[in-house]
Structures are given as structure tokens and as C-alpha cells.
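Engineer: coords.cif is reproduced below (mmCIF, C-alpha atoms and all ligand atoms).
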```cif
data_upload
#
loop_
_atom_site.label_atom_id
_atom_site.label_comp_id
_atom_site.auth_asym_id
_atom_site.auth_seq_id
_atom_site.Cartn_x
_atom_site.Cartn_y
_atom_site.Cartn_z
CA MET A 64 -15.63 2.52 17.55
CA THR A 65 -15.76 1.73 21.28
CA THR A 66 -16.34 -1.69 22.72
CA ASP A 67 -16.85 -3.43 26.03
CA ARG A 68 -13.73 -4.99 27.35
CA ALA A 69 -12.18 -5.96 30.62
CA ALA A 70 -8.82 -4.61 31.68
CA ALA A 71 -6.18 -7.06 32.88
CA PRO A 72 -3.66 -5.80 35.43
CA LEU A 73 -0.40 -5.24 33.59
CA ASP A 74 1.68 -6.52 36.51
CA ASP A 75 0.40 -10.05 35.81
CA PHE A 76 1.09 -9.81 32.11
CA ASP A 77 4.13 -11.34 30.50
CA PRO A 78 3.92 -10.37 26.83
CA LEU A 79 5.52 -13.58 25.74
CA ASP A 80 3.02 -15.86 27.54
CA SER A 81 0.30 -15.55 24.96
CA ALA A 82 2.60 -14.77 22.05
CA ALA A 83 4.94 -17.77 22.22
CA PRO A 84 2.37 -20.47 21.39
CA ARG A 85 1.15 -18.36 18.50
CA ASP A 86 4.66 -17.92 17.11
CA ASP A 87 5.32 -21.66 17.61
CA ALA A 88 2.18 -22.56 15.66
CA ASP A 89 2.75 -20.01 12.89
CA PRO A 90 3.39 -21.97 9.67
CA ILE A 91 5.25 -19.10 8.01
CA ALA A 92 7.23 -17.91 11.06
CA HIS A 93 10.57 -19.13 9.71
CA HIS A 94 10.52 -16.50 6.96
CA ARG A 95 11.19 -13.83 9.57
CA ASP A 96 14.82 -14.92 9.58
CA LEU A 97 15.16 -13.75 5.98
CA PHE A 98 14.91 -10.08 6.98
CA VAL A 99 17.68 -7.73 8.12
CA ARG A 100 17.32 -7.09 11.84
CA ASP A 101 18.83 -4.64 14.29
CA ALA A 102 19.09 -5.70 17.91
CA SER A 103 18.02 -2.26 19.12
CA VAL A 104 14.55 -2.71 17.57
CA THR A 105 12.41 -4.75 19.95
CA ALA A 106 9.06 -4.40 18.17
CA TYR A 107 8.82 -3.12 14.61
CA LEU A 108 5.17 -2.19 14.10
CA ASP A 109 5.42 0.12 11.13
CA GLY A 110 5.51 -2.29 8.21
CA ASN A 111 2.64 -0.34 6.66
CA SER A 112 4.90 2.71 6.34
CA LEU A 113 8.25 1.15 5.48
CA GLY A 114 8.89 -2.59 5.29
CA ARG A 115 12.12 -4.14 6.58
CA PRO A 116 14.75 -5.06 3.99
CA LEU A 117 15.25 -8.69 3.00
CA MET A 118 18.82 -9.96 3.23
CA ALA A 119 18.45 -11.19 -0.35
CA SER A 120 17.98 -7.55 -1.36
CA VAL A 121 21.30 -6.58 0.21
CA ASP A 122 22.99 -9.13 -2.06
CA ARG A 123 20.90 -8.18 -5.07
CA VAL A 124 21.64 -4.44 -4.78
CA THR A 125 25.34 -5.05 -4.08
CA SER A 126 25.79 -7.33 -7.05
CA PHE A 127 23.81 -4.95 -9.26
CA LEU A 128 26.17 -2.10 -8.34
CA THR A 129 29.35 -4.04 -8.84
CA GLU A 130 28.48 -6.35 -11.71
CA GLU A 131 25.59 -4.93 -13.72
CA TRP A 132 26.09 -1.20 -13.28
CA GLY A 133 29.83 -1.40 -12.65
CA GLY A 134 30.50 -4.02 -15.30
CA ARG A 135 27.95 -3.44 -18.02
CA LEU A 136 27.69 0.33 -17.66
CA ILE A 137 25.56 1.93 -20.41
CA ARG A 138 25.16 -1.43 -22.13
CA GLY A 139 22.84 -2.49 -19.32
CA TRP A 140 19.95 -0.46 -20.76
CA GLY A 141 19.90 -2.69 -23.82
CA GLU A 142 20.41 -5.83 -21.76
CA GLY A 143 17.22 -5.73 -19.73
CA TRP A 144 17.07 -2.53 -17.67
CA LEU A 145 14.61 -0.83 -20.03
CA GLU A 146 12.19 -3.74 -19.79
CA LEU A 147 12.49 -4.07 -16.01
CA PRO A 148 9.49 -1.85 -15.12
CA GLN A 149 7.21 -4.11 -17.15
CA ARG A 150 8.85 -7.37 -16.11
CA ILE A 151 8.51 -6.54 -12.41
CA GLY A 152 5.01 -5.20 -13.09
CA ASP A 153 4.01 -8.54 -14.63
CA ASP A 154 5.46 -10.43 -11.64
CA LEU A 155 3.61 -8.21 -9.21
CA GLY A 156 0.40 -8.57 -11.21
CA ARG A 157 0.63 -12.36 -11.18
CA VAL A 158 1.66 -12.72 -7.52
CA ALA A 159 -0.34 -10.06 -5.72
CA LEU A 160 -2.83 -8.25 -7.94
CA GLY A 161 -4.69 -10.89 -9.90
CA ALA A 162 -3.60 -9.10 -13.08
CA ALA A 163 -2.62 -10.81 -16.31
CA ALA A 164 0.63 -9.71 -17.96
CA GLY A 165 0.89 -6.40 -19.79
CA GLN A 166 -1.26 -4.32 -17.44
CA THR A 167 1.09 -3.37 -14.58
CA VAL A 168 4.20 -1.21 -14.66
CA ILE A 169 6.63 0.14 -12.06
CA GLY A 170 7.77 3.76 -12.06
CA ASP A 171 7.17 7.28 -10.69
CA SER A 172 5.68 7.84 -7.24
CA THR A 173 2.12 6.92 -6.28
CA THR A 174 1.32 10.63 -6.32
CA VAL A 175 2.53 11.10 -9.90
CA LEU A 176 0.84 7.91 -11.12
CA LEU A 177 -2.42 9.02 -9.53
CA TYR A 178 -2.20 12.26 -11.46
CA LYS A 179 -1.42 10.53 -14.73
CA LEU A 180 -4.19 7.95 -14.46
CA VAL A 181 -6.93 10.21 -13.11
CA ARG A 182 -6.18 12.77 -15.85
CA ALA A 183 -6.31 10.01 -18.43
CA ALA A 184 -9.60 8.69 -17.00
CA VAL A 185 -11.23 12.13 -16.97
CA ASP A 186 -10.35 12.65 -20.64
CA ALA A 187 -11.75 9.20 -21.43
CA ARG A 188 -15.19 10.24 -20.10
CA PRO A 189 -15.95 13.43 -22.08
CA GLY A 190 -19.09 15.24 -21.03
CA ARG A 191 -18.91 13.97 -17.46
CA THR A 192 -18.27 16.83 -15.10
CA GLU A 193 -17.56 15.36 -11.66
CA ILE A 194 -14.75 13.47 -9.99
CA VAL A 195 -15.42 11.80 -6.66
CA ILE A 196 -13.30 10.96 -3.62
CA ASP A 197 -13.86 10.41 0.10
CA ARG A 198 -12.82 12.88 2.80
CA ASP A 199 -10.94 10.13 4.66
CA ASN A 200 -8.71 9.28 1.71
CA PHE A 201 -4.97 9.84 1.93
CA PRO A 202 -3.93 13.51 1.55
CA THR A 203 -2.06 13.00 -1.72
CA ASP A 204 -5.15 11.45 -3.36
CA ARG A 205 -7.32 14.35 -2.24
CA TYR A 206 -4.78 17.00 -3.24
CA VAL A 207 -4.17 15.47 -6.68
CA LEU A 208 -7.91 15.41 -7.35
CA GLU A 209 -8.28 19.01 -6.18
CA GLY A 210 -5.59 19.97 -8.67
CA ILE A 211 -7.18 18.04 -11.55
CA ALA A 212 -10.62 19.49 -10.81
CA ALA A 213 -9.16 23.01 -10.98
CA GLU A 214 -7.14 22.24 -14.09
CA ARG A 215 -10.01 20.66 -16.03
CA GLY A 216 -12.89 22.77 -14.71
CA LEU A 217 -14.58 19.79 -13.02
CA THR A 218 -16.62 19.57 -9.84
CA LEU A 219 -14.89 17.64 -7.08
CA ARG A 220 -17.58 15.74 -5.18
CA TRP A 221 -16.65 14.70 -1.64
CA ILE A 222 -17.99 11.59 0.02
CA ALA A 223 -18.40 12.37 3.72
CA ALA A 224 -15.87 10.91 6.13
CA GLY A 225 -16.65 7.38 7.24
CA GLU A 226 -16.39 3.90 5.86
CA PRO A 227 -16.89 3.84 2.06
CA THR A 228 -19.41 0.99 1.98
CA PRO A 229 -21.49 0.18 -1.14
CA GLU A 230 -24.60 1.41 0.75
CA ALA A 231 -22.97 4.75 1.60
CA LEU A 232 -21.74 5.23 -1.93
CA ALA A 233 -24.87 4.20 -3.78
CA ALA A 234 -26.66 7.16 -2.24
CA VAL A 235 -24.13 9.79 -3.24
CA LEU A 236 -22.51 8.82 -6.54
CA PRO A 237 -23.57 11.56 -9.00
CA PRO A 238 -24.68 10.46 -12.49
CA ALA A 239 -22.13 12.83 -14.05
CA THR A 240 -19.18 11.05 -12.39
CA ALA A 241 -16.19 10.58 -14.67
CA VAL A 242 -13.97 8.81 -12.15
CA LEU A 243 -14.21 7.64 -8.56
CA VAL A 244 -11.02 7.29 -6.45
CA LEU A 245 -11.00 5.09 -3.35
CA SER A 246 -8.43 3.31 -1.17
CA ALA A 247 -8.77 -0.45 -0.79
CA VAL A 248 -7.46 -0.16 2.79
CA SER A 249 -7.86 3.15 4.59
CA TYR A 250 -4.46 4.54 5.65
CA ARG A 251 -5.96 5.77 8.89
CA SER A 252 -8.45 3.18 10.16
CA GLY A 253 -7.34 0.10 8.24
CA PHE A 254 -10.91 -0.35 6.90
CA LEU A 255 -10.86 -2.82 4.00
CA ALA A 256 -13.31 -1.74 1.30
CA ASP A 257 -15.44 -4.16 -0.70
CA VAL A 258 -13.48 -3.60 -3.92
CA PRO A 259 -15.59 -5.79 -6.25
CA ALA A 260 -18.93 -4.39 -5.04
CA LEU A 261 -17.78 -0.77 -5.24
CA THR A 262 -16.24 -1.33 -8.65
CA ALA A 263 -19.55 -2.71 -9.90
CA LEU A 264 -21.35 0.28 -8.41
CA ALA A 265 -19.07 2.75 -10.20
CA HIS A 266 -19.64 0.93 -13.48
CA GLU A 267 -23.42 0.97 -13.01
CA ALA A 268 -23.10 4.76 -12.81
CA GLY A 269 -21.05 4.75 -16.02
CA ALA A 270 -17.94 5.93 -14.15
CA LEU A 271 -14.40 4.64 -14.14
CA ILE A 272 -12.85 3.64 -10.83
CA LEU A 273 -9.27 3.97 -9.62
CA TRP A 274 -8.18 2.05 -6.53
CA ASP A 275 -5.30 3.18 -4.33
CA LEU A 276 -3.77 -0.12 -3.18
CA CYS A 277 -0.92 1.31 -1.07
CA HIS A 278 -2.08 -0.35 2.16
CA SER A 279 -3.41 -3.56 0.65
CA VAL A 280 -0.85 -4.70 -1.89
CA GLY A 281 1.11 -7.69 -0.63
CA VAL A 282 -1.19 -8.40 2.33
CA VAL A 283 -4.72 -8.68 0.96
CA SER A 284 -5.76 -11.20 -1.71
CA THR A 285 -6.70 -9.13 -4.76
CA GLU A 286 -8.22 -10.02 -8.17
CA LEU A 287 -8.16 -6.84 -10.25
CA ASP A 288 -8.95 -8.55 -13.57
CA GLU A 289 -11.77 -10.68 -12.18
CA TRP A 290 -13.29 -7.73 -10.31
CA GLY A 291 -13.28 -5.56 -13.44
CA VAL A 292 -11.14 -2.82 -11.88
CA ASP A 293 -10.23 -0.07 -14.37
CA LEU A 294 -7.16 1.52 -12.83
CA ALA A 295 -5.03 1.11 -9.71
CA VAL A 296 -1.88 2.55 -8.17
CA GLY A 297 0.11 1.61 -5.10
CA CYS A 298 3.31 2.00 -3.11
CA THR A 299 6.06 -0.60 -3.04
CA TYR A 300 7.92 0.54 0.07
CA LYS A 301 5.30 -0.74 2.54
CA TYR A 302 4.38 -4.44 2.33
CA LEU A 303 6.46 -4.95 -0.81
CA ASN A 304 9.65 -3.96 1.05
CA GLY A 305 11.13 -2.01 -1.86
CA GLY A 306 12.94 0.48 0.42
CA PRO A 307 12.49 4.19 1.14
CA GLY A 308 11.01 5.94 -1.89
CA SER A 309 10.99 2.86 -4.12
CA PRO A 310 8.88 3.55 -7.22
CA ALA A 311 5.16 2.84 -7.28
CA PHE A 312 3.10 0.65 -9.60
CA ALA A 313 0.25 1.42 -11.95
CA TYR A 314 -2.35 -1.06 -13.23
CA VAL A 315 -4.31 -0.16 -16.34
CA ALA A 316 -6.78 -2.82 -17.52
CA ASP A 317 -6.20 -3.82 -21.15
CA ARG A 318 -9.48 -2.27 -22.27
CA ASN A 319 -8.38 1.14 -20.92
CA GLN A 320 -4.94 1.28 -22.44
CA ARG A 321 -6.00 3.58 -25.25
CA MET A 322 -6.44 6.35 -22.70
CA ARG A 323 -3.92 9.19 -23.02
CA GLN A 324 -1.92 10.14 -19.96
CA PRO A 325 -0.65 13.72 -19.74
CA ILE A 326 3.10 13.37 -19.03
CA GLN A 327 4.33 12.74 -22.55
CA GLY A 328 7.93 11.71 -22.05
CA TRP A 329 10.29 10.13 -24.53
CA LEU A 330 10.32 6.67 -22.90
CA GLY A 331 6.54 6.44 -23.07
CA SER A 332 6.61 7.22 -26.76
CA ALA A 333 6.24 4.63 -29.50
CA THR A 334 9.79 5.09 -30.79
CA PRO A 335 11.97 6.59 -28.06
CA PHE A 336 15.31 6.14 -29.78
CA GLU A 337 14.20 7.72 -33.08
CA MET A 338 14.41 11.06 -31.26
CA GLY A 339 11.78 12.28 -33.71
CA GLN A 340 9.35 15.23 -33.76
CA GLY A 341 5.89 14.87 -32.24
CA TYR A 342 4.79 12.52 -29.46
CA GLU A 343 3.05 9.27 -30.31
CA PRO A 344 2.34 7.08 -27.27
CA ALA A 345 3.66 3.53 -27.12
CA GLU A 346 0.96 0.91 -27.33
CA GLY A 347 0.02 -0.93 -24.17
CA ILE A 348 1.13 -0.26 -20.61
CA ARG A 349 4.43 1.34 -21.71
CA GLY A 350 2.41 4.32 -22.92
CA PHE A 351 1.76 5.11 -19.25
CA THR A 352 5.48 5.58 -18.51
CA SER A 353 7.28 8.86 -19.05
CA GLY A 354 11.01 9.12 -18.27
CA THR A 355 14.05 7.02 -17.37
CA PRO A 356 13.02 4.25 -14.95
CA PRO A 357 14.61 4.28 -11.46
CA ILE A 358 16.30 0.89 -11.81
CA VAL A 359 18.21 0.78 -8.51
CA GLY A 360 15.01 1.68 -6.64
CA MET A 361 13.09 -1.23 -8.11
CA LEU A 362 15.54 -4.00 -7.23
CA ALA A 363 14.62 -4.82 -3.63
CA MET A 364 10.90 -5.28 -4.25
CA ARG A 365 11.75 -8.22 -6.54
CA ASP A 366 12.84 -10.27 -3.52
CA MET A 367 9.64 -9.57 -1.63
CA ILE A 368 7.48 -10.35 -4.66
CA ALA A 369 9.37 -13.65 -5.00
CA LEU A 370 8.86 -14.43 -1.31
CA ILE A 371 5.13 -13.69 -1.49
CA GLU A 372 4.91 -15.98 -4.51
CA GLU A 373 6.67 -18.75 -2.60
CA VAL A 374 4.45 -18.41 0.48
CA GLY A 375 1.25 -17.56 -1.39
CA ILE A 376 -0.81 -14.41 -0.87
CA ASP A 377 -3.59 -16.35 0.90
CA ALA A 378 -1.16 -17.63 3.56
CA VAL A 379 0.18 -14.08 3.97
CA ARG A 380 -3.37 -12.79 4.43
CA ALA A 381 -4.16 -15.54 6.97
CA LYS A 382 -1.16 -14.50 9.08
CA SER A 383 -2.10 -10.85 8.71
CA VAL A 384 -5.58 -11.58 10.09
CA ALA A 385 -4.11 -13.60 12.97
CA LEU A 386 -1.71 -10.76 13.85
CA THR A 387 -4.38 -8.04 13.79
CA GLU A 388 -6.80 -10.25 15.77
CA TYR A 389 -4.10 -10.69 18.41
CA ALA A 390 -3.35 -6.96 18.45
CA VAL A 391 -7.05 -6.17 18.98
CA GLN A 392 -7.22 -8.73 21.80
CA LEU A 393 -4.19 -7.19 23.52
CA VAL A 394 -5.57 -3.68 23.13
CA ASP A 395 -8.81 -4.86 24.76
CA GLU A 396 -6.92 -6.45 27.64
CA LEU A 397 -4.15 -3.91 28.24
CA LEU A 398 -5.35 -0.54 26.99
CA PRO A 399 -8.86 0.00 28.38
CA SER A 400 -8.68 3.76 27.93
CA ALA A 401 -7.72 3.60 24.23
CA VAL A 402 -10.34 3.51 21.49
CA LEU A 403 -10.10 0.92 18.74
CA ALA A 404 -10.41 2.93 15.52
CA SER A 405 -10.14 -0.08 13.20
CA PRO A 406 -12.94 -2.46 12.27
CA ARG A 407 -13.44 -5.32 14.72
CA ASP A 408 -14.50 -7.61 11.87
CA PRO A 409 -11.27 -9.03 10.38
CA ARG A 410 -12.97 -9.40 6.97
CA ARG A 411 -13.17 -5.61 6.81
CA ARG A 412 -9.67 -4.91 8.18
CA GLY A 413 -6.34 -4.60 6.40
CA SER A 414 -3.01 -5.35 8.06
CA HIS A 415 -2.85 -2.47 10.51
CA VAL A 416 -4.73 -1.69 13.68
CA THR A 417 -5.30 1.90 14.73
CA ILE A 418 -5.94 2.92 18.30
CA ASP A 419 -6.73 6.42 19.51
CA HIS A 420 -5.78 8.04 22.79
CA ASP A 421 -4.95 11.64 23.67
CA GLY A 422 -1.84 10.48 25.54
CA PHE A 423 -0.21 8.77 22.54
CA GLU A 424 1.70 11.71 21.07
CA ALA A 425 3.55 12.30 24.34
CA ILE A 426 4.77 8.70 24.65
CA MET A 427 6.04 8.28 21.07
CA PRO A 428 9.63 9.48 21.71
CA GLU A 429 10.03 7.04 24.62
CA LEU A 430 8.54 4.17 22.61
CA TRP A 431 10.99 4.81 19.78
CA ARG A 432 13.85 5.13 22.30
CA ARG A 433 12.97 1.65 23.57
CA GLY A 434 12.98 0.26 20.06
CA VAL A 435 9.19 -0.08 19.95
CA ILE A 436 8.28 1.47 16.61
CA PRO A 437 4.67 2.04 15.61
CA ASP A 438 3.71 5.32 13.96
CA PHE A 439 1.58 8.20 15.10
CA ARG A 440 -1.05 9.96 13.01
CA ARG A 441 -2.58 13.21 14.19
CA PRO A 442 -4.72 13.98 16.03
CA ASN A 443 -4.28 11.03 18.39
CA GLY A 444 -3.84 7.69 16.59
CA ILE A 445 -1.17 5.05 16.89
CA ARG A 446 -1.06 2.64 13.97
CA LEU A 447 0.25 -0.87 14.54
CA GLY A 448 1.32 -1.93 11.04
CA LEU A 449 1.82 -5.70 11.01
CA SER A 450 3.79 -7.02 8.09
CA PRO A 451 2.95 -10.74 8.09
CA LEU A 452 6.23 -12.12 6.76
CA SER A 453 8.49 -10.17 9.10
CA THR A 454 6.44 -9.56 12.27
CA SER A 455 6.15 -11.98 15.19
CA PHE A 456 3.32 -12.24 17.69
CA ALA A 457 5.96 -11.52 20.34
CA GLU A 458 6.66 -8.16 18.73
CA VAL A 459 2.95 -7.29 18.87
CA ALA A 460 2.84 -8.23 22.57
CA THR A 461 6.03 -6.31 23.36
CA GLY A 462 4.70 -3.26 21.54
CA VAL A 463 1.22 -3.15 23.05
CA SER A 464 2.51 -3.81 26.57
CA ALA A 465 5.09 -1.01 26.23
CA ILE A 466 2.32 1.39 25.15
CA ALA A 467 0.20 0.28 28.11
CA GLU A 468 3.09 0.70 30.54
CA LEU A 469 3.93 4.21 29.33
CA LEU A 470 0.29 5.28 29.37
CA ASP A 471 -0.02 3.79 32.82
CA ASP A 472 -3.36 2.31 31.73
C1 LIG A 501 -2.78 5.44 0.79
C2 LIG A 501 -1.61 6.20 0.24
N1 LIG A 501 -1.72 6.79 -0.95
C3 LIG A 501 -0.71 7.50 -1.47
C4 LIG A 501 0.50 7.64 -0.80
C5 LIG A 501 1.57 8.52 -1.39
O1 LIG A 501 2.59 7.83 -1.94
P1 LIG A 501 3.90 8.57 -2.50
O2 LIG A 501 4.41 9.44 -1.40
O3 LIG A 501 4.84 7.45 -2.78
O4 LIG A 501 3.53 9.33 -3.70
C6 LIG A 501 0.66 7.02 0.45
C7 LIG A 501 1.92 7.14 1.19
O5 LIG A 501 2.10 6.68 2.28
C8 LIG A 501 -0.43 6.29 0.98
O6 LIG A 501 -0.34 5.69 2.18
#
```
Using the file provided, produce a representation of the structure as C-alpha cells.
Structural biologist:
Amino acid sequence: MTTDRAAAPLDDFDPLDSAAPRDDADPIAHHRDLFVRDASVTAYLDGNSLGRPLMASVDRVTSFLTEEWGGRLIRGWGEGWLELPQRIGDDLGRVALGAAAGQTVIGDSTTVLLYKLVRAAVDARPGRTEIVIDRDNFPTDRYVLEGIAAERGLTLRWIAAGEPTPEALAAVLPPATAVLVLSAVSYRSGFLADVPALTALAHEAGALILWDLCHSVGVVSTELDEWGVDLAVGCTYKYLNGGPGSPAFAYVADRNQRMRQPIQGWLGSATPFEMGQGYEPAEGIRGFTSGTPPIVGMLAMRDMIALIEEVGIDAVRAKSVALTEYAVQLVDELLPSAVLASPRDPRRRGSHVTIDHDGFEAIMPELWRRGVIPDFRRPNGIRLGLSPLSTSFAEVATGVSAIAELLDD
């Protein structure tokens, strides 16, 4: 996606000139002070890979270790830990997913949840022989579907690389589709799919749809119930600030909760503590869980979910759009030789901006050494991941101007 733009000489550019008024006018700027900061990081632009920790989470984890784990020991399981995956799931559903209680649960990784839900969906559509995914989807989504196709003797139908628009999909969705898997926001380009329109399209074809919400949850207003979404999964370590490897979430609409998922563990069974013979799934969303929930890993995300609830997801989205608009403007002005790989229309863009340039890989070590931290995705893309509650406009300006300086654009 190339565009006309005029280059401004970098010598005349003070990154803070255009950023300061934006930060001053930002109605949610003060929340940035709630996050742990390190003085060596001058521009953190990777919130779409790993969010910063909230200071409240430091206190929460510390007091959990000393008081709940240290004090209650094994008794803690009966005093709320076992219910935590569903309690946090309900909070997340209410605050960020548009999901009524009883349909969202925390646990496993996104990869494992994808496997469980796609397998369940395939078995819920007997006689349908195809599963469908786009070539641009995240590797784990593609690999999991390849595995399921091989395991169940299904045809894996690929949608060609490019933006998964309703028009593009209408032409290629086979009538034998059991399940279609798409990402709400593309991990690479940041393209924001039309989730309600594509969900309706899948249903017209008699298929189920699973949405990967890793790059949209916490930054894009979402109404899973209203849009009739069947299934969804997503990470919690990006814009939900759950910490490295924090467990993922699964959403299973009420009407689909009779589906059977394949990892039949004791804690997903109807009567786990009977220790009986033969697996019978628990009713409801708990039937989609399997083993012991990773309690420590799901503590920090509670603080971010609470903060998003306080601020409101629409205000978060408004800041996200303002940040990505500013990043695009700076790229236009300062990086004339880079190619904007993200949509220019903010309505079709998530919270990261991807720019391509063959010189990017070489400058990454120096950027990181300077405390400017975007990420790099092969073959030649830098992603600027802008987490609205913790990122300032000044950080965006510092980051883009450092890239421009090192590229000598
Ligand atoms: C879009 C998308 N899907 C799936 C995953 C995989 O998640 P996990 O490694 O937690 O299984 C990621 C990880 O970054 C992702 O960005």
C-alpha cells in the first residue's frame, strides 16, 4: 500500500513539537502513570506483543504469593481459585467482548484453545468436509488447522493472501465448510476485519466461525453476542497486560456449549472430585476446560480488565485511533522510503501500524539499544504496537524519528 507523501527534513523535526499538544489534550493520558516504567526505555512500541505491567499487578501478585498462596495453601482451591477462570472470563466478556456471563473462560494457550474449539466445531458439523483459513493468518492458526485437517481427513481450503473482506470471502467460501477461522485484526498488517459481516456470511453458508481476537481484545470495541459469533479465542499478554505467557481466553456462545472438545481432562468433567470412571463433560463453559488452571498467570490481567472498565472500551479505541493516525502521519513525513503496510482508513485498522523497508532488520539492534522498542517481522516489516492506556504520543514521535535517523531517510 504506497501513498503520495512529502518528506520533511529530519533536521527541522523535534519529535516533541507535534506530540506535546496531543498528549496535553489526551483525556486518558493520566493512566500512563499507573504502569511500571524503566528509564532506559524511551519508546515502547510493542504493546501488541507484550503489554507493560500495571503497578497494581505488582501488589496483586505479591499479596497473592504471601497471603493467599502462602497463607491459605491448598485451602485456596476451595476458596475461589477453582472458579477464577470463569470469574475473570465473565469480567472480560462484560468489559471487552460484549459477551454475557457464562460464555468466556481463561486457561491454556491460544494455540491449545484454537485446537480444542476448532475440533469441537468440526465434530458439530458432521458431513461437512472443509475447514477454511486465510494464508495471512497467524502461523499457529494455520498450523493447528493443518493438523486438524490431517487428523480428521478434511480438506483445508486456503483463502489467498490479502485482506479478508466480505466480498473476497463470498466468492470463495465452499458450501461444504464446517468452520471458518479468521483474525479480527491481522497480526501482520493490522487490518481490522468486518467481524459482523463475515460472521453473517459464514452462517449463510451454514458454517461455524471462530475469531482469533489476539490483536483486537482490549483495543477494539467488540460485541460477540450481538454479532452472533460462534467461537473466539485470544491472548491476554498483549493489550490485556497479563504478562509473558499469561493464559488465553475462549468464548463459546451459549448455543454452542453442547459441542464436545477433545482434551477430556478431570477439571472439565462434570464431577472432578468424584475421581470416577468415564468422562462426562461439565455443562456450560467449564466443559471447555481441561486441567489445573494457571492461577498465578491470570492475576495481572484482572487489573487491566478493571482499568479498561473504568475508562471504557470506546475511549480506549478512540485513543488507539488517534495514536495510529499520528504514527501514519509521522511515517508519511519522516520515512518517505518506507511503505505503509497497514490500512490508511482508521476504521479498518487495529492498534498497530506496520511499515516495510528492506533496511529495517539491520537497524533493530541499535533501536533496541537506544530503548526504542518496536518489533520486526520478516521479511521486512516493523510493527508499531500502540497500547492506548500506556503509550504517549511522544513515544510514537521518539520512535518514528529514531527509525528515520537510523535509516538516514
Ligand atoms: C494472532 C495470534 N494468534 C495466535 C497467537 C498464539 O498465541 P499463543 O502463543 O499464546 O498460543 C498469537 C501470538 O502472538 C497471535 O498473535
Engineer: Taking all atoms listed in the file into account, which of A:Pro428, A:Gly306, A:Pro148, A:Pro344 comes nearest ligand LIG 501 (chain A)?
Structural biologist: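 Of A:Pro428, A:Gly306, A:Pro148, A:Pro344, the one nearest ligand LIG 501 (chain A) is A:Gly306, counting all atoms listed in the file.
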Engineer: As a quick test: using all atoms listed in the file, which residues lie no more than 10 Å away from ligand LIG 501 (chain A)? Give them as a ChimeraX atom specification.
Structural biologist: /A:111-113,171-177,200-205,245-251,274-279,296-301,307-312
Engineer: For CA of Arg446 in chain A and CA of Arg365 in chain A, determine how far apart the two atoms are, in Å to one decimal place.
Structural biologist: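 Those two atoms sit 26.5 Å apart.
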Engineer: Taking into account all atoms listed in the file, which residue in the set A:Glu372, A:Leu452, A:Asp419, A:Phe98 is nearest to Asp438 in chain A?
Structural biologist: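 Of the candidates, the smallest distance to Asp438 in chain A is held by A:Asp419.
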Engineer: Name the residues in contact with Glu424 in chain A at a cut-off of 9 Å, using all atoms listed in the file, excluding same-chain residues fewer than 4 positions from it; report them as a compact mmCIF listing (two decimals) with C-alpha atoms, in the frame of the given file.
Structural biologist:
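What ended up in selection19.txt:
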```txt
# COMPACT_ATOMS: atom_id res chain seq x y z
CA HIS A 420 -5.78 8.04 22.79
CA PRO A 428 9.63 9.48 21.71
CA PHE A 439 1.58 8.20 15.10
CA ARG A 440 -1.05 9.96 13.01
CA ARG A 441 -2.58 13.21 14.19
CA PRO A 442 -4.72 13.98 16.03
CA ASN A 443 -4.28 11.03 18.39
CA GLY A 444 -3.84 7.69 16.59
CA ILE A 445 -1.17 5.05 16.89
```
Engineer: So the first atom is CA of Arg95 in chain A and the second is CA of Thr454 in chain A; what is the distance between them in Å, to one decimal place?
Structural biologist: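 The value is 6.9 Å.
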Engineer: For the atom pair CA of Ala234 in chain A and CA of Leu255 in chain A, what is the interatomic distance in Å to one decimal place?
Structural biologist: 19.7 Å
Engineer: Give me, as a Markdown table, the closest atom pair and its distance (Å, one decimal) for every residue of range 389-454 of chain A within a cut-off of 12 Å of range 283-292 of chain A, counting all atoms listed in the file, rows sorted by chain and rising number.
Structural biologist:
```
| residue | atom | partner | partner_atom | distance |
| --- | --- | --- | --- | --- |
| A:Pro409 | CA | A:Val283 | CA | 11.5 |
| A:Arg410 | CA | A:Val283 | CA | 10.2 |
| A:Arg411 | CA | A:Val283 | CA | 10.7 |
| A:Arg412 | CA | A:Val283 | CA | 9.5 |
| A:Gly413 | CA | A:Val283 | CA | 7.0 |
| A:Ser414 | CA | A:Val283 | CA | 8.0 |
| A:His415 | CA | A:Val283 | CA | 11.5 |
| A:Ser450 | CA | A:Val283 | CA | 11.2 |
| A:Pro451 | CA | A:Val283 | CA | 10.7 |
```
Engineer: Could you please give me, as a CSV table (one decimal) with C-alpha atoms, in the frame of the given file, the residues of protein, DNA or RNA lying at most 7 Å from (-1.7, 1.8, -21.0) in the coordinate frame of the file, considering all atoms listed in the file?
Structural biologist:
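result_34.csv written:
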```
chain,number,residue,atom,x,y,z
A,315,VAL,CA,-4.3,-0.2,-16.3
A,319,ASN,CA,-8.4,1.1,-20.9
A,320,GLN,CA,-4.9,1.3,-22.4
A,321,ARG,CA,-6.0,3.6,-25.2
A,322,MET,CA,-6.4,6.4,-22.7
A,346,GLU,CA,1.0,0.9,-27.3
A,347,GLY,CA,0.0,-0.9,-24.2
A,348,ILE,CA,1.1,-0.3,-20.6
A,349,ARG,CA,4.4,1.3,-21.7
A,350,GLY,CA,2.4,4.3,-22.9
A,351,PHE,CA,1.8,5.1,-19.2
```
Engineer: Which polymer residues, protein or nucleic acid, are no farther than 10 Å from (-15.9, 16.5, -2.1), counting all atoms listed in the file, as a ChimeraX atom specification?
Structural biologist: /A:193-198,205,208-209,218-224
